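Coordinates from query_27.txt are shown below (compact mmCIF, C-alpha atoms).
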# COMPACT_ATOMS: atom_id res chain seq x y z
CA MET A 1 15.45 -45.20 -60.83
CA LYS A 2 14.63 -48.76 -61.87
CA LYS A 3 14.14 -51.23 -59.07
CA ILE A 4 15.18 -54.90 -59.29
CA LEU A 5 14.08 -57.60 -56.86
CA LEU A 6 16.89 -60.16 -56.47
CA VAL A 7 15.74 -63.49 -55.05
CA ASP A 8 18.10 -66.29 -54.00
CA ASP A 9 18.67 -68.40 -50.89
CA SER A 10 22.42 -68.19 -51.53
CA ARG A 11 24.01 -65.26 -49.73
CA THR A 12 26.93 -65.48 -52.13
CA THR A 13 24.73 -65.14 -55.22
CA LEU A 14 22.86 -62.18 -53.75
CA LEU A 15 26.16 -60.52 -52.86
CA MET A 16 27.53 -61.06 -56.35
CA GLU A 17 24.40 -59.85 -58.12
CA ARG A 18 24.19 -56.81 -55.87
CA MET A 19 27.85 -55.93 -56.39
CA MET A 20 27.53 -56.31 -60.13
CA LEU A 21 24.38 -54.22 -60.45
CA GLU A 22 25.15 -51.51 -57.93
CA LYS A 23 28.66 -50.93 -59.29
CA ARG A 24 27.80 -50.97 -62.94
CA THR A 25 24.26 -49.69 -63.17
CA SER A 26 21.99 -47.19 -61.45
CA TYR A 27 19.40 -49.85 -60.64
CA GLN A 28 18.17 -50.02 -57.08
CA CYS A 29 18.38 -53.55 -55.68
CA ILE A 30 16.09 -55.12 -53.11
CA THR A 31 16.42 -58.74 -52.02
CA ALA A 32 14.45 -61.77 -50.85
CA THR A 33 15.75 -65.19 -49.81
CA ASN A 34 12.84 -67.45 -50.76
CA GLY A 35 9.85 -67.53 -53.08
CA LEU A 36 7.30 -66.58 -50.46
CA GLU A 37 9.23 -63.49 -49.45
CA ALA A 38 9.67 -62.68 -53.16
CA VAL A 39 5.90 -62.73 -53.76
CA GLU A 40 5.36 -60.50 -50.73
CA LYS A 41 8.08 -58.04 -51.76
CA ALA A 42 6.85 -57.99 -55.34
CA GLN A 43 3.46 -56.89 -53.96
CA SER A 44 4.79 -54.30 -51.55
CA GLU A 45 7.65 -52.88 -53.62
CA VAL A 46 6.37 -53.43 -57.17
CA PRO A 47 9.85 -53.72 -58.73
CA ASP A 48 10.55 -53.14 -62.40
CA LEU A 49 12.04 -56.63 -62.75
CA VAL A 50 12.46 -59.81 -60.70
CA LEU A 51 15.66 -61.88 -61.01
CA MET A 52 14.91 -65.11 -59.16
CA ASP A 53 16.56 -68.42 -58.33
CA VAL A 54 14.50 -71.59 -58.86
CA VAL A 55 15.56 -74.00 -56.11
CA MET A 56 14.77 -72.31 -52.81
CA PRO A 57 13.22 -73.25 -49.45
CA GLN A 58 9.58 -72.53 -48.54
CA MET A 59 8.55 -71.71 -52.11
CA ASN A 60 10.51 -72.38 -55.28
CA GLY A 61 10.97 -69.92 -58.12
CA PHE A 62 8.41 -71.59 -60.40
CA GLU A 63 5.64 -71.30 -57.82
CA ALA A 64 6.67 -67.76 -56.90
CA CYS A 65 6.60 -66.77 -60.55
CA LYS A 66 3.07 -68.21 -60.92
CA ARG A 67 1.91 -66.25 -57.85
CA ILE A 68 3.46 -63.05 -59.18
CA ARG A 69 1.56 -63.57 -62.43
CA GLU A 70 -1.73 -64.13 -60.59
CA HIS A 71 -1.82 -60.72 -58.93
CA GLU A 72 -3.07 -57.71 -60.83
CA LYS A 73 -0.43 -55.47 -59.29
CA THR A 74 2.51 -57.66 -60.30
CA LYS A 75 1.38 -59.67 -63.31
CA GLU A 76 3.23 -57.51 -65.86
CA ILE A 77 6.58 -57.43 -64.04
CA PRO A 78 9.29 -59.18 -66.09
CA VAL A 79 10.58 -62.25 -64.25
CA ILE A 80 13.93 -63.83 -65.13
CA LEU A 81 14.61 -67.20 -63.53
CA VAL A 82 18.20 -68.16 -62.69
CA THR A 83 19.26 -71.70 -61.88
CA THR A 84 22.03 -74.25 -62.03
CA ARG A 85 19.57 -76.65 -63.71
CA GLY A 86 19.95 -76.31 -67.45
CA GLU A 87 17.81 -79.29 -68.48
CA GLU A 88 15.13 -78.65 -71.07
CA SER A 89 12.39 -79.93 -68.76
CA TYR A 90 13.36 -77.31 -66.17
CA MET A 91 13.38 -74.57 -68.77
CA GLU A 92 9.92 -75.65 -69.98
CA ALA A 93 8.64 -75.63 -66.41
CA GLY A 94 10.07 -72.15 -66.03
CA PHE A 95 8.30 -70.79 -69.07
CA GLN A 96 5.08 -72.56 -68.05
CA SER A 97 5.28 -70.74 -64.73
CA GLY A 98 5.19 -67.50 -66.67
CA CYS A 99 8.80 -66.34 -66.60
CA ASN A 100 10.04 -64.07 -69.38
CA ASP A 101 13.55 -65.51 -69.52
CA TYR A 102 15.58 -68.35 -68.08
CA VAL A 103 19.30 -68.02 -67.31
CA THR A 104 21.63 -70.77 -66.12
CA LYS A 105 24.33 -70.41 -63.46
CA PRO A 106 27.13 -69.60 -63.32
CA ILE A 107 25.96 -66.17 -64.33
CA ASN A 108 27.86 -64.40 -67.07
CA GLY A 109 27.90 -60.81 -65.82
CA PRO A 110 28.00 -58.93 -69.13
CA ASP A 111 25.35 -61.19 -70.69
CA LEU A 112 23.05 -60.77 -67.71
CA LEU A 113 23.47 -57.00 -67.75
CA LYS A 114 22.51 -56.90 -71.44
CA LEU A 115 19.47 -59.03 -70.73
CA LEU A 116 18.35 -56.83 -67.84
CA GLN A 117 18.87 -53.71 -69.90
CA SER A 118 16.74 -55.17 -72.68
CA TYR A 119 13.83 -55.43 -70.24
CA LEU A 120 14.48 -52.20 -68.38
CA SER A 121 15.24 -49.82 -71.23
CA GLU A 122 12.83 -46.92 -71.39
CA MET B 1 51.59 -62.95 -61.95
CA SER B 2 49.44 -64.88 -59.55
CA ARG B 3 50.21 -68.54 -59.07
CA PHE B 4 46.57 -69.18 -59.91
CA ALA B 5 46.86 -67.72 -63.37
CA GLN B 6 47.21 -70.28 -66.11
CA LYS B 7 50.88 -70.85 -66.63
CA GLY B 8 52.27 -69.80 -69.95
CA ASN B 9 49.49 -67.66 -71.39
CA GLY B 10 50.81 -64.35 -70.08
CA ASN B 11 47.37 -63.07 -69.18
CA SER B 12 47.97 -61.89 -65.63
CA ALA B 13 45.36 -59.15 -65.67
CA ALA B 14 42.56 -61.67 -65.96
CA VAL B 15 43.17 -63.27 -62.58
CA GLU B 16 40.93 -60.93 -60.65
CA ASP B 17 39.31 -58.92 -63.38
CA LEU B 18 37.62 -55.88 -61.92
CA LYS B 19 34.75 -56.50 -64.30
CA ASP B 20 34.15 -59.87 -62.70
CA PRO B 21 32.34 -59.39 -59.38
CA ARG B 22 32.63 -63.05 -58.36
CA PRO B 23 35.98 -63.00 -56.52
CA GLU B 24 34.99 -59.98 -54.44
CA ALA B 25 31.63 -61.55 -53.54
CA ALA B 26 33.32 -64.85 -52.69
CA ARG B 27 35.90 -63.12 -50.50
CA LYS B 28 33.26 -61.18 -48.60
CA ARG B 29 31.14 -64.29 -48.08
CA LEU B 30 34.07 -66.32 -46.74
CA ARG B 31 35.21 -63.52 -44.43
CA GLU B 32 31.70 -63.34 -43.01
CA SER B 33 31.65 -67.09 -42.30
CA THR B 34 31.11 -67.66 -38.62
CA ASP B 35 32.35 -71.25 -38.20
CA ARG B 36 33.34 -74.36 -40.13
CA SER B 37 29.76 -75.28 -40.97
CA ASP B 38 29.02 -71.84 -42.37
CA ALA B 39 32.36 -71.85 -44.21
CA CYS B 40 31.44 -75.17 -45.87
CA GLU B 41 28.13 -73.64 -46.93
CA ALA B 42 30.01 -70.63 -48.30
CA VAL B 43 32.33 -72.93 -50.26
CA ARG B 44 29.31 -74.83 -51.64
CA GLU B 45 27.60 -71.60 -52.70
CA ILE B 46 30.75 -70.25 -54.35
CA VAL B 47 31.59 -73.44 -56.22
CA SER B 48 28.02 -74.22 -57.21
CA ASN B 49 26.68 -70.77 -58.04
CA LEU B 50 29.73 -68.81 -59.12
CA LEU B 51 31.89 -71.54 -60.64
CA GLY B 52 29.36 -74.06 -61.98
CA CYS B 53 30.23 -77.31 -60.20
CA GLU B 54 27.89 -79.23 -57.91
CA GLU B 55 30.21 -82.08 -56.97
CA MET B 56 32.93 -81.24 -54.49
CA ALA B 57 34.93 -82.67 -51.62
CA LEU B 58 36.90 -80.88 -48.93
CA PHE B 59 39.93 -82.44 -47.28
CA GLN B 60 42.00 -81.50 -44.26
CA LEU B 61 45.70 -82.22 -44.27
CA ASP B 62 46.97 -84.26 -41.37
CA PRO B 63 50.50 -82.87 -41.07
CA LYS B 64 51.71 -85.84 -39.03
CA GLN B 65 50.57 -88.44 -41.54
CA GLY B 66 50.97 -86.20 -44.58
CA ARG B 67 47.53 -87.42 -45.58
CA PHE B 68 44.37 -85.67 -46.73
CA THR B 69 41.21 -86.67 -44.85
CA LEU B 70 37.74 -86.01 -46.22
CA ILE B 71 35.89 -83.65 -43.87
CA TRP B 72 32.94 -82.50 -45.97
CA SER B 73 31.46 -83.11 -49.37
CA PHE B 74 28.55 -82.14 -51.57
CA GLY B 75 26.97 -83.96 -54.52
CA ILE B 76 29.08 -87.12 -54.21
CA GLU B 77 28.82 -90.42 -52.39
CA ALA B 78 31.28 -89.69 -49.60
CA LYS B 79 31.47 -93.28 -48.33
CA THR B 80 32.78 -94.65 -51.60
CA PHE B 81 34.66 -91.63 -52.83
CA HIS B 82 38.35 -92.00 -53.60
CA LEU B 83 40.68 -89.29 -54.77
CA PRO B 84 41.59 -89.87 -58.42
CA LYS B 85 45.12 -91.18 -58.87
CA VAL B 86 46.02 -88.06 -60.82
CA PHE B 87 45.92 -86.22 -57.50
CA VAL B 88 48.85 -88.16 -56.05
CA GLU B 89 50.64 -88.60 -59.37
CA SER B 90 50.41 -85.04 -60.67
CA ALA B 91 48.60 -82.58 -58.45
CA LEU B 92 49.91 -83.25 -54.95
CA PRO B 93 53.30 -81.46 -55.11
CA GLY B 94 51.74 -78.31 -56.52
CA VAL B 95 48.88 -78.37 -54.05
CA MET B 96 51.35 -78.68 -51.17
CA ASP B 97 53.14 -75.62 -52.58
CA GLY B 98 49.87 -73.70 -52.81
CA ASP B 99 49.20 -74.12 -56.54
CA ALA B 100 45.82 -75.13 -57.90
CA TYR B 101 45.77 -78.04 -60.33
CA VAL B 102 43.31 -77.89 -63.21
CA ASP B 103 42.47 -80.83 -65.43
CA GLU B 104 43.31 -79.97 -69.00
CA GLY B 105 41.14 -82.65 -70.56
CA LEU B 106 42.30 -85.96 -69.15
CA SER B 107 40.03 -88.92 -69.74
CA ASP B 108 38.16 -90.65 -66.92
CA ALA B 109 40.61 -93.56 -67.17
CA GLN B 110 43.57 -91.26 -66.71
CA MET B 111 41.82 -89.60 -63.81
CA GLY B 112 41.48 -92.91 -61.97
CA GLY B 113 39.20 -95.12 -63.98
CA LYS B 114 36.49 -95.13 -61.33
CA GLY B 115 34.31 -92.57 -62.97
CA GLU B 116 35.57 -89.94 -60.56
CA LYS B 117 36.22 -87.16 -62.96
CA ALA B 118 38.12 -84.38 -61.24
CA THR B 119 38.22 -80.88 -62.66
CA ALA B 120 40.49 -79.15 -60.20
CA PHE B 121 42.29 -79.45 -56.88
CA VAL B 122 42.51 -76.18 -54.96
CA PRO B 123 44.85 -75.88 -51.97
CA ILE B 124 43.27 -74.30 -48.91
CA GLN B 125 45.89 -72.34 -47.08
CA TYR B 126 46.03 -71.32 -43.46
CA ARG B 127 48.86 -69.38 -41.86
CA GLY B 128 50.94 -69.57 -44.99
CA ALA B 129 50.79 -73.31 -45.52
CA THR B 130 48.48 -75.80 -47.20
CA ALA B 131 46.07 -77.00 -44.53
CA GLY B 132 43.47 -78.58 -46.78
CA MET B 133 42.37 -79.16 -50.33
CA LEU B 134 39.13 -78.70 -52.24
CA ALA B 135 38.51 -81.20 -55.02
CA LEU B 136 36.08 -80.08 -57.70
CA LEU B 137 34.64 -82.97 -59.66
CA ARG B 138 32.29 -82.73 -62.63
CA LEU B 139 31.30 -79.28 -63.87
CA LEU B 140 27.70 -78.50 -64.75
CA PRO B 141 27.02 -79.33 -68.42
CA GLN B 142 26.53 -75.67 -69.32
CA LYS B 143 29.84 -74.70 -67.72
CA GLY B 144 32.11 -76.49 -70.14
CA LYS B 145 35.55 -75.78 -68.69
CA ILE B 146 37.50 -73.79 -66.14
CA ASP B 147 38.54 -70.47 -67.64
CA GLU B 148 41.06 -67.85 -66.67
CA LEU B 149 38.60 -65.82 -64.61
CA ASP B 150 37.69 -68.91 -62.58
CA ARG B 151 41.27 -68.99 -61.35
CA GLY B 152 40.56 -65.73 -59.53
CA LEU B 153 37.92 -67.63 -57.58
CA PHE B 154 40.44 -70.41 -56.84
CA GLU B 155 42.79 -67.83 -55.40
CA VAL B 156 40.07 -66.44 -53.15
CA LEU B 157 39.09 -69.93 -51.97
CA SER B 158 42.71 -70.78 -51.32
CA GLN B 159 43.46 -67.62 -49.36
CA GLU B 160 40.21 -67.00 -47.52
CA ALA B 161 38.61 -70.38 -46.74
CA GLY B 162 41.42 -71.63 -44.49
CA LYS B 163 40.71 -69.39 -41.53
CA PRO B 164 37.01 -70.22 -41.07
CA LEU B 165 37.59 -73.88 -41.96
CA PHE B 166 40.74 -74.62 -39.97
CA GLY B 167 41.25 -71.63 -37.70
CA GLY B 168 38.76 -72.62 -35.02
CA ALA B 169 38.76 -75.53 -32.60
CA ALA B 170 38.72 -77.97 -35.49
CA GLY B 171 42.01 -76.61 -36.76
CA GLY B 172 43.70 -76.59 -33.39
CA ALA B 173 45.00 -80.12 -33.55
CA ALA B 174 46.52 -79.57 -36.96
CA ARG B 175 48.19 -76.36 -35.80
CA ARG B 176 49.63 -78.00 -32.69
CA GLU B 177 50.95 -80.85 -34.80
CA ARG B 178 52.57 -78.48 -37.26
CA LYS B 179 54.42 -76.68 -34.47
CA ARG B 180 56.13 -79.85 -33.28
Go ahead and render the structure in this file as structure tokens.
Amino acid sequence: MKKILLVDDSRTTLLMERMMLEKRTSYQCITATNGLEAVEKAQSEVPDLVLMDVVMPQMNGFEACKRIREHEKTKEIPVILVTTRGEESYMEAGFQSGCNDYVTKPINGPDLLKLLQSYLSE
Amino acid sequence: MSRFAQKGNGNSAAVEDLKDPRPEAARKRLRESTDRSDACEAVREIVSNLLGCEEMALFQLDPKQGRFTLIWSFGIEAKTFHLPKVFVESALPGVMDGDAYVDEGLSDAQMGGKGEKATAFVPIQYRGATAGMLALLRLLPQKGKIDELDRGLFEVLSQEAGKPLFGGAAGGAARRERKR
């Protein structure tokens, strides 16, 4: 079973992502509420994909993505950043941090599922 | 057909589409809200993350005065904020009856001429009556417009936010006033 690490400081977003994925896929979801926790969970759980918010307390998604890329154990894990900020400068910063994809909120469920499946297909 | 469905398009099934997890997540989040402060945070998360709007203002209805008073806002300058005139001229009767009002493309001038672009006014109901109103201002650029599925979120906000927002001590005065 594929494991996805969902990272967001919004309880509502985590709820929605969890509901969407657990009802419509067989992916196992684990969660973190800030970038620091995400880096730690990426290390301990080694998920198959990280779906992560950008603006978060303690450590933002860009920094967390960089840290995930720095560790041997986690450097190959696909990271998709999710944010309300759709400006080009933010997207560039996202890709510079090492993310594989960048999605803007509000999330379109079917589009996100297709994107996840494209990274998680065998 | 739900009163939050767009009138006239006949698409009632889209109001709370089972394929759209947002209304269910929003409902759960609001029901888990512990007090007014947490409920405001829930409203912010729902509107910002699930709907695509980071400018909003929440009003409580003073039943004695028949007036809406700003009690919380996000992403706007609360001190200088004024409700667009379209609220009183067009949206108010529907909001009092529990119907959301959605801007169908009015210009800024029509919306008040003060640069206060409003996208929607959502009644917040408590004990079967409008007790407040959530004004959604500018949508995020990538959002574009309110669609039919978004109205399912309006319905959840309208039905579920009232209890945590107005059902505690803060709502007591309004309830007592309404009983008179």
Inset, instruction - Would you kindly return, as a ChimeraX atom specification, each protein, DNA or RNA residue with an atom no farther than 9 Å from any atom of Arg44 in chain B, considering all atoms listed in the file and excluding same-chain residues fewer than 6 positions away? - result: /B:53-54,56,73-74
Inset, instruction - Dump as a ChimeraX atom specification the residues of chain A that approach chain B to within 12 Å, counting all atoms listed in the file. - result: /A:8-24,53,55,82-88,103-111,113
Legend entry - Point-to-point distance from CA of Val86 in chain B to CA of Gly167 in chain B, Å rounded to tenths: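 CA of Gly167 in chain B lies at a distance of 28.8 Å from CA of Val86 in chain B.
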Inset, instruction - State, in Å with one decimal place, the distance from CA of Ile30 in chain A to CA of Cys40 in chain B. - result: 26.3 Å
Legend entry - For CA of Phe95 in chain A and CA of Phe62 in chain A, the interatomic separation in Å (one decimal):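 Between CA of Phe95 in chain A and CA of Phe62 in chain A the gap works out to 8.7 Å.
Of the residues listed (B:Ile71, B:Leu139, B:Ala120, B:Ala100), B:Ala100 shows the shortest atom-to-atom separation from Glu155 in chain B; distances use only C-alpha atoms.
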Legend entry - Selected residue of minimal separation from Leu165 in chain B among B:Met96, B:Val122, B:Ala57, B:Ala131, counting all atoms listed in the file: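 For Leu165 in chain B, the nearest of the candidates is B:Ala131.
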